[in-house]
Every structure is written in structure tokens, then in C-alpha cells.
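Shown here: start_32.json, JSON, C-alpha atoms and all ligand atoms.
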```json
[["chain", "number", "residue", "atom", "x", "y", "z"],
["C", 1, "MET", "CA", 68.87, 9.34, -37.70],
["C", 2, "THR", "CA", 71.53, 11.27, -39.59],
["C", 3, "HIS", "CA", 71.87, 15.04, -39.58],
["C", 4, "GLN", "CA", 70.62, 15.31, -43.15],
["C", 5, "GLU", "CA", 67.45, 13.36, -42.35],
["C", 6, "ARG", "CA", 66.64, 15.73, -39.54],
["C", 7, "GLU", "CA", 66.24, 18.53, -42.06],
["C", 8, "SER", "CA", 63.29, 17.06, -43.90],
["C", 9, "TRP", "CA", 61.14, 14.93, -41.68],
["C", 10, "LEU", "CA", 57.86, 15.21, -39.83],
["C", 11, "LEU", "CA", 56.52, 12.95, -37.09],
["C", 12, "ASP", "CA", 52.99, 11.53, -36.85],
["C", 13, "THR", "CA", 52.72, 10.29, -33.27],
["C", 14, "HIS", "CA", 49.30, 8.64, -33.64],
["C", 15, "PHE", "CA", 48.12, 6.84, -36.77],
["C", 16, "HIS", "CA", 45.86, 3.78, -37.01],
["C", 17, "LEU", "CA", 47.66, 2.02, -39.87],
["C", 18, "ASP", "CA", 45.78, -1.22, -39.20],
["C", 19, "LEU", "CA", 42.41, 0.50, -39.71],
["C", 20, "CYS", "CA", 43.33, 1.64, -43.23],
["C", 21, "PRO", "CA", 41.63, -0.25, -46.06],
["C", 22, "ASN", "CA", 45.05, -1.05, -47.57],
["C", 23, "PRO", "CA", 47.80, -0.90, -44.93],
["C", 24, "VAL", "CA", 50.49, -2.20, -47.33],
["C", 25, "LYS", "CA", 49.84, 0.59, -49.81],
["C", 26, "MET", "CA", 49.68, 3.13, -46.98],
["C", 27, "VAL", "CA", 53.11, 2.01, -45.76],
["C", 28, "GLN", "CA", 54.50, 2.57, -49.26],
["C", 29, "GLU", "CA", 53.06, 6.10, -49.30],
["C", 30, "ILE", "CA", 54.50, 6.86, -45.85],
["C", 31, "GLU", "CA", 57.92, 5.61, -46.93],
["C", 32, "ALA", "CA", 57.80, 7.72, -50.08],
["C", 33, "ALA", "CA", 56.74, 10.81, -48.10],
["C", 34, "LYS", "CA", 59.37, 10.15, -45.38],
["C", 35, "VAL", "CA", 57.05, 10.89, -42.47],
["C", 36, "TYR", "CA", 58.07, 9.10, -39.26],
["C", 37, "THR", "CA", 54.84, 7.44, -38.15],
["C", 38, "VAL", "CA", 53.84, 5.74, -34.93],
["C", 39, "ALA", "CA", 51.35, 3.06, -35.97],
["C", 40, "VAL", "CA", 49.14, 2.54, -32.92],
["C", 41, "THR", "CA", 47.14, -0.62, -32.23],
["C", 42, "ASN", "CA", 43.97, -1.01, -30.18],
["C", 43, "THR", "CA", 44.52, -4.54, -28.86],
["C", 44, "PRO", "CA", 47.63, -6.69, -28.33],
["C", 45, "ALA", "CA", 46.23, -9.39, -30.64],
["C", 46, "VAL", "CA", 46.68, -7.17, -33.72],
["C", 47, "PHE", "CA", 50.17, -5.94, -32.81],
["C", 48, "PRO", "CA", 52.21, -8.67, -34.58],
["C", 49, "GLN", "CA", 50.67, -7.79, -37.93],
["C", 50, "THR", "CA", 51.54, -4.10, -37.55],
["C", 51, "LEU", "CA", 55.01, -5.00, -36.30],
["C", 52, "SER", "CA", 55.66, -7.13, -39.37],
["C", 53, "LEU", "CA", 54.51, -4.27, -41.64],
["C", 54, "ALA", "CA", 56.73, -1.81, -39.76],
["C", 55, "ARG", "CA", 59.80, -4.05, -39.72],
["C", 56, "LYS", "CA", 60.45, -3.66, -43.42],
["C", 57, "THR", "CA", 60.27, 0.12, -43.25],
["C", 58, "LYS", "CA", 62.42, 3.05, -42.33],
["C", 59, "TYR", "CA", 59.69, 5.40, -41.16],
["C", 60, "VAL", "CA", 56.95, 3.29, -39.55],
["C", 61, "ARG", "CA", 57.09, 2.31, -35.87],
["C", 62, "ALA", "CA", 54.66, -0.25, -34.41],
["C", 63, "ALA", "CA", 53.08, 0.64, -31.06],
["C", 64, "ILE", "CA", 51.58, -1.90, -28.67],
["C", 65, "GLY", "CA", 48.22, -0.75, -27.35],
["C", 66, "LEU", "CA", 45.04, -1.62, -25.52],
["C", 67, "HIS", "CA", 42.39, 1.02, -26.12],
["C", 68, "PRO", "CA", 40.43, 2.04, -22.98],
["C", 69, "GLN", "CA", 37.12, 1.40, -24.72],
["C", 70, "LEU", "CA", 38.22, -2.22, -25.22],
["C", 71, "ALA", "CA", 39.60, -2.62, -21.68],
["C", 72, "LEU", "CA", 36.47, -4.30, -20.36],
["C", 73, "GLU", "CA", 36.47, -7.11, -22.91],
["C", 74, "ARG", "CA", 40.27, -7.34, -23.33],
["C", 75, "GLU", "CA", 41.63, -7.14, -19.78],
["C", 76, "SER", "CA", 42.66, -10.79, -20.20],
["C", 77, "ASP", "CA", 45.09, -9.64, -22.93],
["C", 78, "LEU", "CA", 47.33, -7.89, -20.40],
["C", 79, "PRO", "CA", 49.87, -10.77, -20.30],
["C", 80, "LEU", "CA", 50.04, -10.59, -24.10],
["C", 81, "PHE", "CA", 50.55, -6.83, -23.83],
["C", 82, "ARG", "CA", 53.44, -7.40, -21.43],
["C", 83, "ARG", "CA", 55.02, -9.96, -23.78],
["C", 84, "TYR", "CA", 54.88, -7.67, -26.83],
["C", 85, "LEU", "CA", 56.02, -4.62, -24.88],
["C", 86, "SER", "CA", 59.59, -5.88, -25.05],
["C", 87, "GLN", "CA", 59.42, -5.80, -28.86],
["C", 88, "THR", "CA", 58.84, -2.06, -29.25],
["C", 89, "ARG", "CA", 59.62, 1.30, -27.72],
["C", 90, "TYR", "CA", 56.18, 2.67, -28.62],
["C", 91, "VAL", "CA", 52.97, 2.24, -26.62],
["C", 92, "GLY", "CA", 49.47, 3.22, -27.75],
["C", 93, "GLU", "CA", 46.65, 3.57, -27.98],
["C", 94, "VAL", "CA", 46.24, 3.37, -24.21],
["C", 95, "GLY", "CA", 44.59, 5.54, -21.58],
["C", 96, "LEU", "CA", 41.17, 6.19, -20.10],
["C", 97, "ASP", "CA", 37.82, 7.11, -21.67],
["C", 98, "TYR", "CA", 35.13, 8.27, -19.26],
["C", 99, "VAL", "CA", 32.40, 8.69, -21.86],
["C", 100, "THR", "CA", 30.98, 5.66, -20.09],
["C", 101, "SER", "CA", 29.34, 6.68, -16.83],
["C", 102, "VAL", "CA", 29.38, 3.09, -15.56],
["C", 103, "LYS", "CA", 31.63, 3.18, -12.52],
["C", 104, "SER", "CA", 32.64, -0.47, -12.70],
["C", 105, "GLU", "CA", 33.77, -0.02, -16.31],
["C", 106, "ARG", "CA", 35.82, 3.04, -15.39],
["C", 107, "ARG", "CA", 37.42, 0.98, -12.64],
["C", 108, "VAL", "CA", 38.40, -1.77, -15.08],
["C", 109, "GLN", "CA", 39.85, 0.83, -17.46],
["C", 110, "ARG", "CA", 41.91, 2.31, -14.63],
["C", 111, "ARG", "CA", 43.10, -1.12, -13.54],
["C", 112, "VAL", "CA", 44.18, -1.95, -17.11],
["C", 113, "PHE", "CA", 45.89, 1.45, -17.55],
["C", 114, "ASP", "CA", 47.69, 1.12, -14.20],
["C", 115, "SER", "CA", 48.90, -2.34, -15.21],
["C", 116, "ILE", "CA", 50.20, -0.96, -18.53],
["C", 117, "LEU", "CA", 51.90, 1.95, -16.76],
["C", 118, "GLY", "CA", 53.45, -0.50, -14.29],
["C", 119, "ASP", "CA", 54.91, -2.53, -17.17],
["C", 120, "CYS", "CA", 56.23, 0.67, -18.77],
["C", 121, "HIS", "CA", 57.79, 1.72, -15.45],
["C", 122, "ALA", "CA", 59.49, -1.66, -15.15],
["C", 123, "SER", "CA", 61.06, -1.45, -18.61],
["C", 124, "GLY", "CA", 61.61, 2.33, -18.78],
["C", 125, "GLY", "CA", 62.27, 4.44, -21.88],
["C", 126, "LYS", "CA", 58.92, 3.84, -23.56],
["C", 127, "ILE", "CA", 57.07, 6.48, -25.60],
["C", 128, "LEU", "CA", 53.32, 6.49, -24.93],
["C", 129, "THR", "CA", 50.49, 8.03, -26.95],
["C", 130, "ILE", "CA", 47.56, 8.41, -24.58],
["C", 131, "HIS", "CA", 43.80, 8.81, -24.93],
["C", 132, "SER", "CA", 42.20, 10.86, -22.12],
["C", 133, "ARG", "CA", 38.65, 11.79, -23.19],
["C", 134, "ARG", "CA", 36.73, 13.12, -20.17],
["C", 135, "ALA", "CA", 39.42, 11.51, -18.03],
["C", 136, "ALA", "CA", 42.38, 13.88, -18.26],
["C", 137, "ALA", "CA", 42.70, 14.41, -14.50],
["C", 138, "ASP", "CA", 42.79, 10.66, -13.81],
["C", 139, "VAL", "CA", 45.24, 10.03, -16.67],
["C", 140, "VAL", "CA", 47.67, 12.65, -15.37],
["C", 141, "GLU", "CA", 47.28, 11.36, -11.82],
["C", 142, "ALA", "CA", 47.90, 7.75, -12.94],
["C", 143, "ILE", "CA", 51.10, 8.71, -14.74],
["C", 144, "GLY", "CA", 52.44, 10.79, -11.88],
["C", 145, "ASP", "CA", 55.37, 13.18, -12.04],
["C", 146, "SER", "CA", 58.27, 10.76, -12.38],
["C", 147, "PHE", "CA", 57.38, 8.63, -15.38],
["C", 148, "PRO", "CA", 60.55, 6.96, -16.74],
["C", 149, "GLY", "CA", 59.87, 7.60, -20.42],
["C", 150, "ALA", "CA", 57.96, 10.01, -22.63],
["C", 151, "TRP", "CA", 54.20, 10.45, -22.70],
["C", 152, "ILE", "CA", 52.09, 12.23, -25.24],
["C", 153, "LEU", "CA", 48.53, 13.33, -24.58],
["C", 154, "HIS", "CA", 46.77, 12.60, -27.87],
["C", 155, "TRP", "CA", 43.85, 14.92, -28.80],
["C", 156, "TYR", "CA", 43.84, 16.56, -25.37],
["C", 157, "SER", "CA", 40.41, 18.00, -24.50],
["C", 158, "GLY", "CA", 40.51, 18.38, -20.72],
["C", 159, "SER", "CA", 40.63, 21.46, -18.54],
["C", 160, "ARG", "CA", 43.30, 24.16, -18.45],
["C", 161, "ARG", "CA", 44.15, 23.26, -14.88],
["C", 162, "VAL", "CA", 44.87, 19.62, -15.71],
["C", 163, "LEU", "CA", 46.79, 20.75, -18.80],
["C", 164, "GLN", "CA", 49.08, 22.86, -16.61],
["C", 165, "ARG", "CA", 49.54, 19.95, -14.22],
["C", 166, "ALA", "CA", 50.44, 17.71, -17.18],
["C", 167, "VAL", "CA", 52.98, 20.24, -18.46],
["C", 168, "VAL", "CA", 54.66, 20.32, -15.04],
["C", 169, "ALA", "CA", 54.67, 16.51, -14.97],
["C", 170, "GLY", "CA", 56.46, 16.40, -18.34],
["C", 171, "ALA", "CA", 53.68, 15.72, -20.84],
["C", 172, "HIS", "CA", 53.85, 16.27, -24.58],
["C", 173, "PHE", "CA", 50.72, 17.13, -26.57],
["C", 174, "SER", "CA", 50.00, 15.93, -30.11],
["C", 175, "VAL", "CA", 47.86, 18.15, -32.32],
["C", 176, "ASN", "CA", 45.70, 16.90, -35.20],
["C", 177, "ALA", "CA", 43.73, 18.38, -38.09],
["C", 178, "ALA", "CA", 40.41, 18.30, -36.19],
["C", 179, "MET", "CA", 41.90, 20.14, -33.22],
["C", 180, "VAL", "CA", 43.20, 23.03, -35.31],
["C", 181, "GLU", "CA", 39.63, 23.72, -36.48],
["C", 182, "SER", "CA", 38.35, 23.98, -32.90],
["C", 183, "ALA", "CA", 38.52, 27.27, -30.97],
["C", 184, "ARG", "CA", 38.55, 25.41, -27.66],
["C", 185, "SER", "CA", 41.47, 23.19, -28.74],
["C", 186, "GLU", "CA", 43.31, 26.24, -30.03],
["C", 187, "ALA", "CA", 42.98, 28.00, -26.65],
["C", 188, "LEU", "CA", 44.32, 24.90, -24.90],
["C", 189, "ILE", "CA", 47.20, 24.30, -27.29],
["C", 190, "ARG", "CA", 48.29, 27.93, -27.01],
["C", 191, "GLU", "CA", 48.93, 27.27, -23.30],
["C", 192, "VAL", "CA", 51.37, 24.46, -24.01],
["C", 193, "PRO", "CA", 55.06, 25.41, -24.21],
["C", 194, "LEU", "CA", 56.26, 25.21, -27.83],
["C", 195, "ASN", "CA", 58.81, 22.54, -27.00],
["C", 196, "ARG", "CA", 56.07, 20.12, -25.85],
["C", 197, "ILE", "CA", 54.01, 20.18, -29.04],
["C", 198, "LEU", "CA", 53.99, 17.30, -31.54],
["C", 199, "THR", "CA", 51.80, 16.42, -34.52],
["C", 200, "GLU", "CA", 49.45, 13.51, -35.17],
["C", 201, "SER", "CA", 46.96, 12.54, -37.87],
["C", 202, "ASP", "CA", 44.76, 10.11, -35.89],
["C", 203, "GLY", "CA", 43.95, 8.83, -39.36],
["C", 204, "PRO", "CA", 42.00, 7.19, -40.76],
["C", 205, "LEU", "CA", 39.54, 8.12, -37.98],
["C", 206, "ILE", "CA", 39.59, 11.82, -38.90],
["C", 207, "SER", "CA", 38.44, 13.26, -42.21],
["C", 208, "ILE", "CA", 39.11, 16.79, -43.39],
["C", 209, "ASP", "CA", 36.62, 18.06, -45.99],
["C", 210, "GLY", "CA", 35.79, 14.46, -46.83],
["C", 211, "VAL", "CA", 39.44, 13.44, -47.19],
["C", 212, "VAL", "CA", 40.72, 10.83, -44.74],
["C", 213, "ALA", "CA", 43.62, 12.14, -42.64],
["C", 214, "THR", "CA", 46.98, 10.44, -43.18],
["C", 215, "PRO", "CA", 50.56, 11.11, -42.03],
["C", 216, "MET", "CA", 51.09, 12.85, -45.38],
["C", 217, "MET", "CA", 48.64, 15.59, -44.39],
["C", 218, "LEU", "CA", 50.40, 16.99, -41.33],
["C", 219, "GLY", "CA", 51.30, 20.13, -43.29],
["C", 220, "GLY", "CA", 47.88, 21.63, -42.54],
["C", 221, "VAL", "CA", 48.45, 21.24, -38.80],
["C", 222, "VAL", "CA", 51.89, 22.82, -39.15],
["C", 223, "GLN", "CA", 50.34, 25.83, -40.91],
["C", 224, "HIS", "CA", 47.93, 26.45, -38.04],
["C", 225, "LEU", "CA", 50.67, 26.08, -35.42],
["C", 226, "ALA", "CA", 52.82, 28.54, -37.37],
["C", 227, "SER", "CA", 50.08, 31.16, -37.34],
["C", 228, "TRP", "CA", 49.32, 30.64, -33.63],
["C", 229, "TRP", "CA", 52.99, 30.88, -32.78],
["C", 230, "GLY", "CA", 53.67, 33.83, -35.09],
["C", 231, "LEU", "CA", 56.43, 31.86, -36.81],
["C", 232, "GLY", "CA", 57.20, 30.99, -40.41],
["C", 233, "ILE", "CA", 56.57, 27.49, -41.72],
["C", 234, "ALA", "CA", 60.28, 26.65, -41.78],
["C", 235, "GLU", "CA", 60.78, 27.81, -38.18],
["C", 236, "THR", "CA", 57.68, 25.91, -37.07],
["C", 237, "ASN", "CA", 58.90, 22.75, -38.80],
["C", 238, "SER", "CA", 62.28, 23.06, -37.18],
["C", 239, "GLN", "CA", 60.71, 23.58, -33.73],
["C", 240, "LEU", "CA", 58.56, 20.46, -34.26],
["C", 241, "ARG", "CA", 61.53, 18.45, -35.49],
["C", 242, "GLU", "CA", 63.58, 19.51, -32.49],
["C", 243, "ASN", "CA", 60.70, 18.50, -30.18],
["C", 244, "ALA", "CA", 60.45, 15.10, -31.88],
["C", 245, "ARG", "CA", 64.21, 14.61, -31.86],
["C", 246, "GLN", "CA", 64.36, 15.23, -28.11],
["C", 247, "LEU", "CA", 61.46, 12.86, -27.60],
["C", 248, "LEU", "CA", 63.04, 10.08, -29.66],
["C", 249, "GLU", "CA", 66.52, 10.38, -28.15],
["M", 1, "MN", "MN", 43.29, 7.12, -32.02]]
```
Take the structure I supplied and represent it as C-alpha cells, if you would.
Amino acid sequence: MTHQERESWLLDTHFHLDLCPNPVKMVQEIEAAKVYTVAVTNTPAVFPQTLSLARKTKYVRAAIGLHPQLALERESDLPLFRRYLSQTRYVGEVGLDYVTSVKSERRVQRRVFDSILGDCHASGGKILTIHSRRAAADVVEAIGDSFPGAWILHWYSGSRRVLQRAVVAGAHFSVNAAMVESARSEALIREVPLNRILTESDGPLISIDGVVATPMMLGGVVQHLASWWGLGIAETNSQLRENARQLLE
């Protein structure tokens, strides 16, 4: 990334490109808007397609993932995950989701997540975008305090105590357009040091006033962060760019 490019870019750390009705067109829009975008995948089987879309681009990065809600049926894809991991620096969507109260399913999710983390430890330098619904404490415990790479808690909704533990352990937090409309999310995000905040769309799974969220719509998130931080838009953008630059280095 050249110096000049640093002046004008945003980063979307969590976007489901492969769930868009027209991923090819979406890639063209992202390229035109110059928004660096981490295109997450929910199973290893769909990674090659996203990788081939991303390869021709400047701004799109393909992430290899195995979503916790698919862990039960896709645990057998872990060898495939390991194979594809060498083809990208980005990992997601991975993590734990304890909406299920079935203990055996939670155990499988944890086993899958631990396996993924083990692979990331072995290679080092990976950037993870992590789902932690109702499972933040276990996610932070699984990662530990010496993870050899960067990890981003996507749409964090856990407790303040676990948030503080995650900050100490080195976590980043990505903020989306649904979070900025929630008083509870706002209170949590205000506790995160400015240099650990990143932006995400989580599109196309989020809609704002009936409009599907995309990487091109991060400006609304930036506006909220600016008002929470008491900064101007330009200062907020430069803080976010600096955060992303440090993450990507
Ligand atoms: Mn997601």
C-alpha cells in the first residue's frame, strides 16, 4: 500500500461477498469505491470461488472460514480448511455460537474452533474475524493471550468484563451499522481503546432502513464513531486507517 492510498481508504473487515445476489457486480462496485474488503466464507468448500473473485482485484481479500453454526455438519471439512489456510492471510467467519443450548453441539463447535486456532498458531500472522454470540468468554479463553496474529471480534455483544479481558489479550473490535443503532453496543464500544476499533458491514446480512449493507456504506458507522469519540470525520477516518494499517502490517 503506497502512502497516497493510505489517505483515502476504508476497511470492511467482515463482508459476505458470496451471499450477494451478484458477487461479480459487487466486486466491481468495491473496486470503484476503493474499500479494502475482507470477503468471509462460511465453509471451506466455497472458499475457492471467493478466492478466484478476489484474485483479480486490488481491494478484495478472500478469507477462509467455517462458521460455528455449520461446525456440526462440516467438522469433516477441517482438513480442507487447513489446506486452504496456506492460500490466504485472512480467516473468517469462525468462532463460537452458543445460541444452541445443546452441550454436545457446543463441544463440537469448540473442538472445530480449537483446531482452526491450532492451524493459525502453526502458520502465524493470520488475521481472524470472529463470531462470539453468547460465547464471548469461551472465545477469548480459546484464543488466549499470546495469539501469533491479529484477531477481530466481529459484532461483539458479550459482557464488559470479557471485553476488558479481550482488550488486554490484544483483541480488535469491528463495528457495523446495526451496532451503532444499539445503546448496549454503544456502551460496549465506548470502552474499547480507539486504536482497537475497526469497521465492518456484515453485509448482505444487515439492512439499514431496507437497504442492504455493503462495504460502500461504512460512512454511517464512521459518523457514529466520530460523535462518540468527539472527533471530526477526517480525524476519525485517519484513526481508523491507522488502526487498519497497523493490523495489516
Ligand atoms: Mn457474518
Go through chain C residue by residue and, counting all atoms listed in the file, keep those with an atom at most 7 Å from ligand MN 1 (chain M); for each kept residue give the shortest atom pair and its distance in Å to one decimal, ordered by chain and increasing number, as CSV.
```
residue,atom,partner,partner_atom,distance
C:His14,CA,M:MN1,MN,6.4
C:Phe15,CA,M:MN1,MN,6.8
C:His16,CA,M:MN1,MN,6.5
C:Glu93,CA,M:MN1,MN,6.3
C:Asp202,CA,M:MN1,MN,5.1
```
Restricting the output to C-alpha atoms, write the selected residues as a PDB file, in the frame of the given file.
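Done, and the output landed in selection.pdb:
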```
ATOM      1  CA  HIS C  14      49.300   8.640 -33.640  1.00  0.00           C
ATOM      2  CA  PHE C  15      48.120   6.840 -36.770  1.00  0.00           C
ATOM      3  CA  HIS C  16      45.860   3.780 -37.010  1.00  0.00           C
ATOM      4  CA  GLU C  93      46.650   3.570 -27.980  1.00  0.00           C
ATOM      5  CA  ASP C 202      44.760  10.110 -35.890  1.00  0.00           C
TER       6      ASP C 202
END
```
With distances taken over only C-alpha atoms, which residue among C:Tyr84, C:Trp155, C:Phe173, C:Tyr98 lies nearest Cys120 (chain C)?
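The answer is C:Tyr84, which sits nearest to Cys120 (chain C).
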Write out as a PDB file with C-alpha atoms, keeping the file's coordinate frame each polymer residue whose atoms come within 6 Å of region 103-113 of chain C, counting only C-alpha atoms; drop sequence neighbours fewer than 4 positions from it.
```
ATOM      1  CA  PRO C  68      40.430   2.040 -22.980  1.00  0.00           C
ATOM      2  CA  ALA C  71      39.600  -2.620 -21.680  1.00  0.00           C
ATOM      3  CA  GLY C  95      44.590   5.540 -21.580  1.00  0.00           C
TER       4      GLY C  95
END
```
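The two atoms in question, CA of Ala187 (chain C) and CA of Leu153 (chain C), are spaced 15.8 Å apart.
Distance check against Gln164 (chain C) using only C-alpha atoms: of C:Leu188, C:Val99, C:Met26, C:Met179, the minimum falls on C:Leu188.
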Counting all atoms listed in the file, closest pick from C:Leu80, C:Leu198, C:Val162, C:Ile127 relative to Asn176 (chain C) is C:Leu198
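Between CA of Gly230 (chain C) and CA of Met216 (chain C) lies a distance of 23.5 Å.
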Review point. Can you find the residues with an atom no farther than 6 Å from (38.5, 12.9, -18.8), counting all atoms listed in the file, and report them as a PyMOL selection string?
Key: chain C and resi 98+132-136
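Shell of Asp12 (chain C) at 9 Å, with only C-alpha atoms counted and residues fewer than 2 places along the chain excluded, is Leu10, His14, Phe15, Val35, Tyr36, Thr37, Val38, Ala39, Ser174, Leu198, Thr199, Glu200, Ser201, Asp202, Thr214, Pro215, Met216 and Leu218 of chain C.
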Worksheet item: Pick the closest to Thr43 (chain C) from C:Asp97, C:Glu181, C:Asp114, C:Glu75: which is it, counting all atoms listed in the file?
Response: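 Of all the options, C:Glu75 lies closest to Thr43 (chain C).
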- So how many Å separate CA of Val27 (chain C) and CA of Pro48 (chain C), to one decimal?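 Between CA of Val27 (chain C) and CA of Pro48 (chain C) the gap works out to 15.5 Å.
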N, CA, C and O atoms are what I want for region 33-53 of chain C; can you complete it accordingly and write them as a compact mmCIF listing (two decimals), in the coordinates of the input?
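This is the output file result-v8.txt:
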```
# COMPACT_ATOMS: atom_id res chain seq x y z
N ALA C 33 56.87 9.44 -48.63
CA ALA C 33 56.74 10.81 -48.10
C ALA C 33 57.74 11.07 -46.97
O ALA C 33 57.92 12.21 -46.56
N LYS C 34 58.37 10.02 -46.44
CA LYS C 34 59.37 10.15 -45.38
C LYS C 34 58.81 10.84 -44.13
O LYS C 34 59.40 11.78 -43.61
N VAL C 35 57.65 10.38 -43.71
CA VAL C 35 57.05 10.89 -42.47
C VAL C 35 57.20 9.80 -41.40
O VAL C 35 56.60 8.72 -41.54
N TYR C 36 57.97 10.06 -40.36
CA TYR C 36 58.07 9.10 -39.26
C TYR C 36 56.68 8.94 -38.66
O TYR C 36 56.01 9.93 -38.33
N THR C 37 56.23 7.71 -38.53
CA THR C 37 54.84 7.44 -38.15
C THR C 37 54.76 6.38 -37.06
O THR C 37 55.30 5.28 -37.23
N VAL C 38 54.10 6.72 -35.98
CA VAL C 38 53.84 5.74 -34.93
C VAL C 38 52.50 5.09 -35.24
O VAL C 38 51.44 5.73 -35.20
N ALA C 39 52.55 3.81 -35.61
CA ALA C 39 51.35 3.06 -35.97
C ALA C 39 50.78 2.42 -34.71
O ALA C 39 51.30 1.41 -34.22
N VAL C 40 49.73 3.03 -34.17
CA VAL C 40 49.14 2.54 -32.92
C VAL C 40 48.27 1.31 -33.20
O VAL C 40 47.83 1.09 -34.33
N THR C 41 48.05 0.52 -32.14
CA THR C 41 47.14 -0.62 -32.23
C THR C 41 46.17 -0.53 -31.05
O THR C 41 46.50 0.06 -30.01
N ASN C 42 44.98 -1.12 -31.22
CA ASN C 42 43.97 -1.01 -30.18
C ASN C 42 43.86 -2.24 -29.28
O ASN C 42 43.24 -2.18 -28.21
N THR C 43 44.45 -3.35 -29.72
CA THR C 43 44.52 -4.54 -28.86
C THR C 43 45.84 -5.26 -29.13
O THR C 43 46.37 -5.21 -30.25
N PRO C 44 46.37 -5.96 -28.13
CA PRO C 44 47.63 -6.69 -28.33
C PRO C 44 47.54 -7.71 -29.45
O PRO C 44 48.52 -7.93 -30.17
N ALA C 45 46.35 -8.31 -29.65
CA ALA C 45 46.23 -9.39 -30.64
C ALA C 45 46.61 -8.93 -32.05
O ALA C 45 47.08 -9.73 -32.86
N VAL C 46 46.41 -7.64 -32.36
CA VAL C 46 46.68 -7.17 -33.72
C VAL C 46 48.09 -6.58 -33.87
O VAL C 46 48.50 -6.19 -34.96
N PHE C 47 48.83 -6.54 -32.76
CA PHE C 47 50.17 -5.94 -32.81
C PHE C 47 51.15 -6.65 -33.75
O PHE C 47 51.87 -5.98 -34.52
N PRO C 48 51.21 -8.00 -33.74
CA PRO C 48 52.21 -8.67 -34.58
C PRO C 48 52.10 -8.30 -36.06
O PRO C 48 53.10 -8.15 -36.74
N GLN C 49 50.86 -8.13 -36.52
CA GLN C 49 50.67 -7.79 -37.93
C GLN C 49 51.26 -6.40 -38.24
O GLN C 49 51.93 -6.21 -39.26
N THR C 50 51.01 -5.44 -37.35
CA THR C 50 51.54 -4.10 -37.55
C THR C 50 53.06 -4.11 -37.41
O THR C 50 53.77 -3.44 -38.16
N LEU C 51 53.56 -4.90 -36.47
CA LEU C 51 55.01 -5.00 -36.30
C LEU C 51 55.67 -5.55 -37.56
O LEU C 51 56.71 -5.05 -38.00
N SER C 52 55.03 -6.55 -38.18
CA SER C 52 55.66 -7.13 -39.37
C SER C 52 55.61 -6.14 -40.54
O SER C 52 56.53 -6.09 -41.35
N LEU C 53 54.56 -5.33 -40.61
CA LEU C 53 54.51 -4.27 -41.64
C LEU C 53 55.60 -3.23 -41.39
O LEU C 53 56.25 -2.75 -42.31
```
